[in-house]
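Heads up, upload_38.cif below (mmCIF, C-alpha atoms):
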data_start
#
loop_
_atom_site.group_PDB
_atom_site.id
_atom_site.type_symbol
_atom_site.label_atom_id
_atom_site.label_comp_id
_atom_site.auth_asym_id
_atom_site.auth_seq_id
_atom_site.Cartn_x
_atom_site.Cartn_y
_atom_site.Cartn_z
ATOM 1 C CA MET A 1446 47.443 -60.671 -1.991
ATOM 2 C CA LEU A 1447 49.974 -58.218 -3.357
ATOM 3 C CA THR A 1448 48.875 -56.438 -6.573
ATOM 4 C CA TYR A 1449 50.457 -53.680 -8.571
ATOM 5 C CA HIS A 1450 48.257 -50.638 -9.022
ATOM 6 C CA LYS A 1451 47.961 -47.800 -11.464
ATOM 7 C CA LEU A 1452 51.300 -46.250 -12.349
ATOM 8 C CA ALA A 1453 51.891 -42.553 -12.864
ATOM 9 C CA ASN A 1454 52.074 -41.296 -16.445
ATOM 10 C CA THR A 1455 55.830 -41.109 -16.093
ATOM 11 C CA ASP A 1456 56.051 -44.803 -15.123
ATOM 12 C CA ILE A 1457 55.151 -46.105 -18.603
ATOM 13 C CA THR A 1458 57.094 -43.925 -21.002
ATOM 14 C CA PRO A 1459 55.505 -43.172 -24.393
ATOM 15 C CA ILE A 1460 57.826 -43.499 -27.374
ATOM 16 C CA ASP A 1461 55.176 -42.185 -29.737
ATOM 17 C CA SER A 1462 51.391 -42.059 -29.753
ATOM 18 C CA MET A 1463 51.123 -45.813 -30.411
ATOM 19 C CA SER A 1464 54.140 -47.126 -28.492
ATOM 20 C CA PHE A 1465 55.014 -47.609 -24.788
ATOM 21 C CA GLN A 1466 57.986 -48.694 -22.752
ATOM 22 C CA CYS A 1467 57.976 -51.025 -19.747
ATOM 23 C CA PRO A 1468 59.067 -48.923 -16.728
ATOM 24 C CA VAL A 1469 61.247 -51.783 -15.427
ATOM 25 C CA CYS A 1470 63.165 -53.234 -18.390
ATOM 26 C CA ASN A 1471 62.364 -50.533 -21.012
ATOM 27 C CA SER A 1472 60.949 -53.064 -23.470
ATOM 28 C CA SER A 1473 58.840 -51.335 -26.158
ATOM 29 C CA TYR A 1474 55.253 -52.290 -27.014
ATOM 30 C CA GLN A 1475 52.732 -51.159 -29.578
ATOM 31 C CA LYS A 1476 49.093 -50.682 -28.647
ATOM 32 C CA PRO A 1477 47.228 -52.542 -27.321
ATOM 33 C CA ILE A 1478 49.538 -52.982 -24.314
ATOM 34 C CA PRO A 1479 49.729 -56.589 -22.954
ATOM 35 C CA GLU A 1480 48.706 -57.331 -19.366
ATOM 36 C CA ALA A 1481 52.321 -58.012 -18.335
ATOM 37 C CA CYS A 1482 55.710 -57.309 -19.832
ATOM 38 C CA LEU A 1483 56.819 -60.292 -21.902
ATOM 39 C CA VAL A 1484 60.450 -59.730 -20.852
ATOM 40 C CA CYS A 1485 60.421 -58.971 -17.122
ATOM 41 C CA GLY A 1486 56.838 -59.872 -16.149
ATOM 42 C CA TRP A 1487 55.888 -56.411 -14.814
ATOM 43 C CA ASP A 1488 52.119 -55.724 -14.629
ATOM 44 C CA LEU A 1489 51.408 -53.052 -17.255
ATOM 45 C CA GLN A 1490 47.667 -52.771 -16.648
ATOM 46 C CA PHE A 1491 45.967 -49.948 -14.819
ATOM 47 C CA ASN A 1492 43.969 -50.204 -11.621
ATOM 48 C CA LEU A 1493 41.830 -47.061 -11.493
ATOM 49 C CA SER A 1494 40.814 -47.642 -7.836
ATOM 50 C CA ILE A 1495 44.222 -46.475 -6.601
ATOM 51 C CA PRO A 1496 45.508 -42.937 -7.270
ATOM 52 C CA SER A 1497 48.448 -42.867 -9.663
ATOM 53 C CA GLY A 1498 51.880 -42.158 -8.283
ATOM 54 C CA SER A 1499 51.047 -43.396 -4.768
ATOM 55 C CA GLU A 1500 53.911 -44.095 -2.395
ATOM 56 C CA PRO A 1501 53.427 -47.925 -2.344
ATOM 57 C CA ASP A 1502 53.491 -48.013 -6.188
ATOM 58 C CA LYS A 1503 56.673 -45.947 -6.297
ATOM 59 C CA LYS A 1504 58.406 -48.214 -3.769
ATOM 60 C CA ARG A 1505 57.395 -51.371 -5.648
ATOM 61 C CA LEU A 1506 58.518 -49.896 -8.957
ATOM 62 C CA ASP A 1507 61.891 -48.851 -7.501
ATOM 63 C CA TRP A 1508 62.308 -52.329 -6.020
ATOM 64 C CA ALA A 1509 61.447 -53.953 -9.375
ATOM 65 C CA LYS A 1510 63.928 -51.779 -11.274
ATOM 66 C CA GLN A 1511 66.754 -52.548 -8.843
ATOM 67 C CA THR A 1512 65.940 -56.263 -8.926
ATOM 68 C CA TRP A 1513 65.907 -56.283 -12.724
ATOM 69 C CA LYS A 1514 69.320 -54.612 -12.833
ATOM 70 C CA ARG A 1515 70.731 -57.201 -10.427
ATOM 71 C CA LEU A 1516 69.314 -60.009 -12.545
ATOM 72 C CA GLN A 1517 70.943 -58.599 -15.642
ATOM 73 C CA THR A 1518 74.271 -58.327 -13.810
ATOM 74 C CA LEU A 1519 73.999 -61.932 -12.644
ATOM 75 C CA GLU A 1520 73.088 -63.094 -16.128
ATOM 76 C CA VAL A 1521 76.125 -61.406 -17.645
ATOM 77 C CA SER A 1522 78.436 -62.947 -15.028
ATOM 78 C CA GLN A 1523 77.044 -66.479 -15.537
ATOM 79 C CA PRO A 1524 78.989 -68.657 -18.021
ATOM 80 C CA LYS A 1525 77.147 -69.262 -21.265
ATOM 81 C CA THR A 1526 75.789 -72.743 -21.792
ATOM 82 C CA GLY A 1527 74.564 -74.460 -24.874
ATOM 83 C CA SER A 1528 71.085 -74.881 -23.469
ATOM 84 C CA THR A 1529 68.449 -72.369 -24.593
ATOM 85 C CA SER A 1530 65.512 -74.037 -22.836
ATOM 86 C CA LYS A 1531 66.201 -72.573 -19.368
ATOM 87 C CA LYS A 1532 63.343 -70.321 -18.200
ATOM 88 C CA ARG A 1533 64.291 -66.718 -17.713
ATOM 89 C CA LEU A 1534 63.718 -65.426 -14.151
ATOM 90 C CA THR A 1535 61.225 -62.569 -14.095
ATOM 91 C CA ILE A 1536 59.809 -60.144 -11.557
ATOM 92 C CA ALA A 1537 56.656 -62.258 -11.446
ATOM 93 C CA ASP A 1538 58.738 -65.226 -10.264
ATOM 94 C CA LEU A 1539 59.954 -63.201 -7.283
ATOM 95 C CA LEU A 1540 56.569 -61.849 -6.185
ATOM 96 C CA PRO A 1541 55.648 -64.891 -4.007
ATOM 97 C CA ARG A 1542 58.878 -64.456 -2.065
ATOM 98 C CA LEU A 1543 58.137 -60.755 -1.590
ATOM 99 C CA GLN A 1544 54.675 -61.609 -0.253
ATOM 100 C CA THR A 1545 56.198 -64.113 2.198
ATOM 101 C CA LEU A 1546 58.634 -61.507 3.453
ATOM 102 C CA GLU A 1547 55.797 -59.029 3.963
ATOM 103 C CA LEU A 1548 53.847 -61.594 6.040
ATOM 104 C CA GLU A 1549 56.927 -62.331 8.148
ATOM 105 C CA LEU A 1550 57.408 -58.614 8.716
ATOM 106 C CA GLN A 1551 53.796 -58.243 9.897
ATOM 107 C CA GLN A 1552 54.243 -61.149 12.340
ATOM 108 C CA ALA A 1553 57.472 -59.643 13.692
ATOM 109 C CA THR A 1554 55.668 -56.334 14.175
ATOM 110 C CA LEU A 1555 52.943 -58.066 16.237
ATOM 111 C CA GLU A 1556 55.520 -59.840 18.413
ATOM 112 C CA ARG A 1557 57.355 -56.566 18.959
ATOM 113 C CA GLN A 1558 54.091 -54.910 20.047
ATOM 114 C CA ASN A 1559 53.443 -57.668 22.609
ATOM 115 C CA LEU A 1560 56.919 -57.146 24.055
ATOM 116 C CA GLN A 1561 56.330 -53.389 24.110
ATOM 117 C CA ASN A 1562 53.074 -53.926 26.040
ATOM 118 C CA SER A 1563 54.946 -55.901 28.692
ATOM 119 C CA LEU A 1564 57.651 -53.239 28.881
ATOM 120 C CA ASP A 1565 55.035 -50.502 29.289
ATOM 121 C CA TRP A 1566 53.509 -52.458 32.175
ATOM 122 C CA ILE A 1567 56.863 -52.750 33.965
ATOM 123 C CA LEU A 1568 57.640 -49.048 33.559
ATOM 124 C CA HIS A 1569 54.176 -48.198 34.896
ATOM 125 C CA TYR A 1570 54.462 -50.324 38.025
ATOM 126 C CA LEU A 1571 58.061 -49.433 38.758
ATOM 127 C CA GLU A 1572 56.733 -45.940 39.422
ATOM 128 C CA THR A 1573 54.121 -47.117 41.936
ATOM 129 C CA LEU A 1574 55.318 -50.391 43.437
ATOM 130 C CA ASN A 1575 56.851 -50.366 46.914
ATOM 131 C CA PRO A 1576 60.555 -51.184 46.365
ATOM 132 C CA GLU A 1577 60.627 -53.080 49.683
ATOM 133 C CA LEU A 1578 58.589 -55.837 48.056
ATOM 134 C CA LEU A 1579 61.556 -56.668 45.841
ATOM 135 C CA VAL A 1580 64.187 -56.863 48.594
ATOM 136 C CA ASP A 1581 65.546 -60.311 49.532
ATOM 137 C CA LEU A 1582 62.849 -61.968 47.486
ATOM 138 C CA THR A 1583 63.420 -65.611 46.499
ATOM 139 C CA PRO A 1584 60.258 -66.598 44.653
ATOM 140 C CA PRO A 1585 59.478 -70.270 44.075
ATOM 141 C CA SER A 1586 58.938 -71.525 40.548
ATOM 142 C CA PRO A 1587 55.244 -71.917 39.705
ATOM 143 C CA PRO A 1588 54.137 -75.299 38.300
ATOM 144 C CA ASN A 1589 54.680 -75.926 34.579
ATOM 145 C CA CYS A 1590 56.748 -72.736 34.245
ATOM 146 C CA ASP A 1591 60.366 -72.144 33.378
ATOM 147 C CA SER A 1592 62.360 -71.390 36.522
ATOM 148 C CA ASN A 1593 64.197 -68.607 34.683
ATOM 149 C CA PHE A 1594 61.973 -65.594 35.206
ATOM 150 C CA ASN A 1595 61.398 -63.666 31.978
ATOM 151 C CA SER A 1596 62.684 -60.137 32.495
ATOM 152 C CA THR A 1597 60.012 -58.764 30.143
ATOM 153 C CA SER A 1598 57.175 -60.293 32.183
ATOM 154 C CA PRO A 1599 55.114 -58.273 34.685
ATOM 155 C CA LEU A 1600 56.321 -58.251 38.270
ATOM 156 C CA SER A 1601 55.240 -60.861 40.812
ATOM 157 C CA GLU A 1602 55.939 -61.350 44.480
ATOM 158 C CA VAL A 1603 55.791 -65.131 44.181
ATOM 159 C CA GLY A 1604 57.498 -65.745 40.843
ATOM 160 C CA ILE A 1605 54.447 -66.105 38.613
ATOM 161 C CA ASP A 1606 55.122 -66.005 34.860
ATOM 162 C CA TYR A 1607 52.209 -64.083 33.354
ATOM 163 C CA SER A 1608 53.172 -64.622 29.709
ATOM 164 C CA SER A 1609 50.437 -67.260 29.186
ATOM 165 C CA LEU A 1610 47.746 -64.972 30.601
ATOM 166 C CA ILE A 1611 49.026 -62.098 28.479
ATOM 167 C CA GLU A 1612 48.768 -64.251 25.365
ATOM 168 C CA LEU A 1613 45.187 -65.292 26.172
ATOM 169 C CA LEU A 1614 44.116 -61.717 26.864
ATOM 170 C CA ALA A 1615 45.922 -60.341 23.820
ATOM 171 C CA HIS A 1616 44.042 -62.815 21.604
ATOM 172 C CA GLY A 1617 40.694 -62.014 23.231
ATOM 173 C CA ASP A 1618 40.183 -65.526 24.625
ATOM 174 C CA TRP A 1619 38.305 -64.116 27.615
ATOM 175 C CA LYS A 1620 36.807 -67.397 28.878
ATOM 176 C CA THR A 1621 40.104 -69.271 28.999
ATOM 177 C CA ALA A 1622 41.785 -66.185 30.464
ATOM 178 C CA ASP A 1623 39.165 -66.015 33.223
ATOM 179 C CA GLU A 1624 39.574 -69.709 34.075
ATOM 180 C CA TYR A 1625 43.366 -69.363 34.044
ATOM 181 C CA THR A 1626 43.153 -66.272 36.277
ATOM 182 C CA TRP A 1627 41.175 -68.258 38.856
ATOM 183 C CA GLN A 1628 43.761 -71.062 38.772
ATOM 184 C CA LEU A 1629 46.512 -68.496 39.389
ATOM 185 C CA ILE A 1630 44.544 -67.057 42.317
ATOM 186 C CA LEU A 1631 44.130 -70.511 43.880
ATOM 187 C CA TYR A 1632 47.821 -71.260 43.366
ATOM 188 C CA MET A 1633 48.959 -68.022 44.991
ATOM 189 C CA GLY A 1634 46.542 -68.582 47.862
ATOM 190 C CA GLU A 1635 47.848 -72.154 48.240
ATOM 191 C CA ARG A 1636 44.264 -73.407 47.950
ATOM 192 C CA GLU A 1637 44.409 -75.466 44.749
ATOM 193 C CA ALA A 1638 43.195 -78.622 46.468
ATOM 194 C CA GLU A 1639 40.257 -76.858 48.177
ATOM 195 C CA LYS A 1640 39.383 -74.799 45.054
ATOM 196 C CA TRP A 1641 38.214 -71.826 47.141
ATOM 197 C CA LEU A 1642 39.749 -69.061 49.269
ATOM 198 C CA ARG A 1643 39.131 -68.175 52.876
ATOM 199 C CA SER A 1644 38.877 -64.577 54.046
ATOM 200 C CA GLU A 1645 42.382 -64.813 55.537
ATOM 201 C CA ASP A 1646 43.734 -66.047 52.182
ATOM 202 C CA ILE A 1647 42.376 -62.951 50.452
ATOM 203 C CA GLU A 1648 43.644 -60.668 53.228
ATOM 204 C CA ARG A 1649 47.235 -61.793 52.640
ATOM 205 C CA PHE A 1650 47.011 -62.151 48.852
ATOM 206 C CA PRO A 1651 50.271 -60.807 47.301
ATOM 207 C CA CYS A 1652 49.742 -57.174 46.390
ATOM 208 C CA ALA A 1653 52.021 -57.068 43.354
ATOM 209 C CA ASP A 1654 50.188 -60.006 41.813
ATOM 210 C CA LEU A 1655 46.711 -58.641 42.562
ATOM 211 C CA ASN A 1656 47.734 -55.381 40.895
ATOM 212 C CA THR A 1657 49.186 -57.353 37.992
ATOM 213 C CA LEU A 1658 45.992 -59.350 37.405
ATOM 214 C CA ASN A 1659 43.880 -56.216 37.668
ATOM 215 C CA TRP A 1660 46.058 -54.202 35.304
ATOM 216 C CA LEU A 1661 46.383 -56.932 32.658
ATOM 217 C CA TRP A 1662 42.617 -57.370 32.443
ATOM 218 C CA GLU A 1663 42.092 -53.630 32.289
ATOM 219 C CA TYR A 1664 44.818 -53.064 29.688
ATOM 220 C CA TYR A 1665 43.893 -55.786 27.204
ATOM 221 C CA SER A 1666 40.128 -55.142 27.440
ATOM 222 C CA GLN A 1667 40.737 -51.395 27.091
ATOM 223 C CA GLY A 1668 39.105 -50.718 30.457
ATOM 224 C CA LEU A 1669 36.034 -52.911 29.964
ATOM 225 C CA PHE A 1670 37.061 -55.744 32.307
ATOM 226 C CA SER A 1671 38.938 -55.246 35.578
ATOM 227 C CA LEU A 1672 38.628 -55.445 39.349
ATOM 228 C CA THR A 1673 38.933 -51.661 39.489
ATOM 229 C CA ASN A 1674 35.933 -51.330 37.203
ATOM 230 C CA GLN A 1675 33.896 -53.716 39.360
ATOM 231 C CA TRP A 1676 35.025 -51.930 42.504
ATOM 232 C CA GLN A 1677 33.842 -48.548 41.191
ATOM 233 C CA ILE A 1678 30.435 -49.945 40.211
ATOM 234 C CA PHE A 1679 30.060 -51.708 43.580
ATOM 235 C CA TYR A 1680 30.951 -48.467 45.392
ATOM 236 C CA ASN A 1681 28.526 -46.354 43.341
ATOM 237 C CA LEU A 1682 25.722 -48.807 44.212
ATOM 238 C CA GLU A 1683 26.626 -48.584 47.921
ATOM 239 C CA GLY A 1684 27.516 -52.263 48.098
ATOM 240 C CA ASP A 1685 24.139 -53.545 46.897
ATOM 241 C CA TYR A 1686 25.185 -56.898 45.440
ATOM 242 C CA ALA A 1687 21.894 -57.569 43.625
ATOM 243 C CA LYS A 1688 21.973 -54.202 41.845
ATOM 244 C CA PHE A 1689 25.663 -54.719 41.155
ATOM 245 C CA CYS A 1690 24.945 -58.063 39.474
ATOM 246 C CA ASP A 1691 22.186 -56.473 37.402
ATOM 247 C CA GLN A 1692 24.587 -53.795 36.141
ATOM 248 C CA VAL A 1693 27.552 -56.069 35.326
ATOM 249 C CA GLY A 1694 25.319 -58.730 33.756
ATOM 250 C CA TRP A 1695 25.506 -61.409 36.453
ATOM 251 C CA ARG A 1696 21.722 -61.331 36.937
ATOM 252 C CA ARG A 1697 18.936 -60.998 34.363
ATOM 253 C CA GLY A 1698 15.667 -59.967 35.871
ATOM 254 C CA GLU A 1699 15.252 -62.264 38.854
ATOM 255 C CA SER A 1700 17.489 -64.963 37.396
ATOM 256 C CA TRP A 1701 21.058 -65.307 38.662
ATOM 257 C CA ILE A 1702 23.132 -66.530 35.728
ATOM 258 C CA TYR A 1703 25.395 -69.576 35.670
ATOM 259 C CA TYR A 1704 29.051 -69.346 34.681
ATOM 260 C CA GLU A 1705 28.355 -70.919 31.270
ATOM 261 C CA GLU A 1706 25.882 -68.110 30.537
ATOM 262 C CA LEU A 1707 28.456 -65.346 30.834
ATOM 263 C CA ASP A 1708 29.195 -63.180 27.800
ATOM 264 C CA PHE A 1709 32.856 -63.798 26.980
ATOM 265 C CA THR A 1710 33.030 -61.057 24.347
ATOM 266 C CA LEU A 1711 33.653 -57.330 24.271
ATOM 267 C CA ASN A 1712 29.891 -56.876 23.919
ATOM 268 C CA ALA A 1713 29.529 -57.690 27.625
ATOM 269 C CA PRO A 1714 28.689 -54.938 30.128
ATOM 270 C CA PRO A 1715 31.571 -53.109 31.872
ATOM 271 C CA GLY A 1716 32.846 -55.126 34.836
ATOM 272 C CA HIS A 1717 31.390 -58.408 33.523
ATOM 273 C CA LEU A 1718 34.797 -60.094 33.955
ATOM 274 C CA PRO A 1719 36.895 -61.408 35.644
ATOM 275 C CA ILE A 1720 34.918 -63.709 37.958
ATOM 276 C CA ILE A 1721 36.617 -63.994 41.372
ATOM 277 C CA ALA A 1722 33.717 -63.944 43.853
ATOM 278 C CA TRP A 1723 31.867 -67.028 42.552
ATOM 279 C CA ARG A 1724 32.394 -69.851 40.073
ATOM 280 C CA LYS A 1725 29.190 -71.825 39.448
ATOM 281 C CA ARG A 1726 26.379 -69.286 39.772
ATOM 282 C CA ALA A 1727 26.346 -65.605 40.684
ATOM 283 C CA CYS A 1728 24.243 -66.208 43.801
ATOM 284 C CA TYR A 1729 26.437 -69.067 45.055
ATOM 285 C CA GLY A 1730 29.489 -68.300 47.142
ATOM 286 C CA VAL A 1731 32.842 -70.037 46.984
ATOM 287 C CA GLY A 1732 33.621 -72.021 50.103
ATOM 288 C CA THR A 1733 32.043 -70.834 53.342
ATOM 289 C CA THR A 1734 31.416 -67.199 52.349
ATOM 290 C CA THR A 1735 28.796 -65.569 50.130
ATOM 291 C CA PRO A 1736 29.739 -64.016 46.769
ATOM 292 C CA ASP A 1737 29.175 -60.462 48.026
ATOM 293 C CA GLU A 1738 31.459 -61.160 51.011
ATOM 294 C CA ASN A 1739 34.142 -62.556 48.691
ATOM 295 C CA LEU A 1740 33.829 -59.562 46.388
ATOM 296 C CA LEU A 1741 34.095 -57.077 49.252
ATOM 297 C CA SER A 1742 37.160 -58.906 50.613
ATOM 298 C CA PHE A 1743 38.928 -58.655 47.254
ATOM 299 C CA PHE A 1744 38.006 -54.970 46.914
ATOM 300 C CA THR A 1745 39.350 -54.292 50.408
ATOM 301 C CA ARG A 1746 42.595 -56.056 49.571
ATOM 302 C CA LEU A 1747 42.836 -54.192 46.247
ATOM 303 C CA SER A 1748 42.366 -50.901 48.102
ATOM 304 C CA THR A 1749 45.222 -51.788 50.440
ATOM 305 C CA CYS A 1750 47.443 -52.936 47.565
ATOM 306 C CA SER A 1751 46.750 -49.747 45.607
ATOM 307 C CA GLN A 1752 48.366 -47.598 48.275
ATOM 308 C CA PRO A 1753 51.880 -46.330 47.346
#
Full structure transcribed into structure tokens:
Amino acid sequence: MLTYHKLANTDITPIDSMSFQCPVCNSSYQKPIPEACLVCGWDLQFNLSIPSGSEPDKKRLDWAKQTWKRLQTLEVSQPKTGSTSKKRLTIADLLPRLQTLELELQQATLERQNLQNSLDWILHYLETLNPELLVDLTPPSPPNCDSNFNSTSPLSEVGIDYSSLIELLAHGDWKTADEYTWQLILYMGEREAEKWLRSEDIERFPCADLNTLNWLWEYYSQGLFSLTNQWQIFYNLEGDYAKFCDQVGWRRGESWIYYEELDFTLNAPPGHLPIIAWRKRACYGVGTTTPDENLLSFFTRLSTCSQP
């Protein structure tokens, strides 16, 4: 809620020791000063929690003065009518509109930041991605996506539009983002019907898209969740899957957790998400391979895809 704060001593001009002027319309008042100017509606009261003469107060006061002058100009140019009951427009009448404009500006700033994040991603991967991957590429349109590829979206070898995943990650909806990531993986592996990947599917998984998924998770979780993070932990533990699950929170004591028991918040341990090696329980594999075999296959593919 927009409020006007304490004005500098020069903002309310003393005429004498008992008289003050409104800083907007120059209307004079005797002590005690009213809460708001009876002519223009300007808040004349002090708010001692904000230092006087602050930059926001000065900008609001300048805006109010300019608006008041425009109103006076408009009033002079309007033809006189016989009616005297029409309510005079005041600064207070315009404050709701100013608040609406401020909210719209904040929303536009957020949208601009999301676009900037996507642009930063593209600039980052243009420096590392093999240009041969983009030659003579005719990607198919993914299901439920616009066939016109968004130029601000991250790169994909198979035409995936990652804008929906970006939105989920940007809003911190980690559970839905994890489920959506798995659906994208199945789609790119052409294993939607089977709902699991074979070793050969992982071995030929599109590199640009694996890097994209990894980077998006890492970027929006500020390094907490990513395949790279999991890979480093797995490597430091010399491939011990049980110890790995203990560290990333997929096992508690001797109990292997179920998917519904995951911590889909930023309070989770590093590497807790995304889930790509199992879906129902951390000790159950997906398809014909064990979860540790699936995890190692993805890490091997990520290592290959990370090469310049």
message: I'd like to see the residues matched by the PyMOL selection byres ((chain A and resi 1721-1736) around 7) on this file, and ideally I'd get them as a ChimeraX atom specification.
response: /A:1627,1641-1642,1695,1701-1704,1719-1720,1737-1740
Exercise: Ser1748 in chain A partners within 10 Å, all atoms listed in the file, chain neighbours under 4 positions left out, as a list of chain:residue names: A:Cys1652, A:Thr1673, A:Trp1676, A:Ser1742, A:Phe1743, A:Phe1744, A:Gln1752
- prompt: Between A:Arg1515, A:Ser1700, A:Lys1504, A:Gly1486, which is the closest to Ser1472 in chain A once you count only C-alpha atoms?
  reply: A:Gly1486
message: I need the residue nearest Arg1746 in chain A from this list: A:Asp1654, A:Glu1699, A:Glu1648, A:Glu1602. Use all atoms listed in the file for the distance.
response: A:Glu1648
Around range 1507-1513 of chain A, fit a box with edges along x, y and z, padding it by 4 Å on each side, then list its centre and edge lengths in Å to one decimal as lines of an AutoDock Vina configuration file.
center_x = 64.1
center_y = -52.6
center_z = -9.4
size_x = 13.3
size_y = 15.4
size_z = 14.7
message: Which residues, named as in the file, does the PyMOL selection byres ((chain A and resi 1614) around 12) pick out? Answer as a PyMOL selection string.
response: chain A and resi 1559+1562+1607-1613+1615-1626+1658+1660-1667+1670+1709-1711+1718-1719
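In this model, the gap between CA of Arg1636 in chain A and CA of Ser1751 in chain A comes to 23.9 Å.
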- prompt: Can you tell me how far CA of Asp1606 in chain A sits from CA of Gly1668 in chain A, in Å to one decimal?
  reply: 22.6 Å
task: May I have the residues at most 6 Å from (43.3, -63.7, 45.5) in the file's coordinates, counting only C-alpha atoms, as an MDAnalysis selection string?
output: chainID A and resid 1630 1647 1650
message: I need the residue nearest Asn1659 in chain A from this list: A:Cys1690, A:Cys1750, A:Ala1638, A:Val1603. Use all atoms listed in the file for the distance.
response: A:Cys1750
message: As an exercise, work out the distance from CA of Ile1478 in chain A to CA of Trp1513 in chain A in Å and give it to one decimal place.
response: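 Between CA of Ile1478 in chain A and CA of Trp1513 in chain A the gap works out to 20.3 Å.
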message: Take the PyMOL selection byres ((chain A and resi 1509) around 12), run it mentally on this structure, and tell me the resulting residues as a ChimeraX atom specification.
response: /A:1449,1467-1470,1485-1488,1502-1508,1510-1516,1535-1540,1543
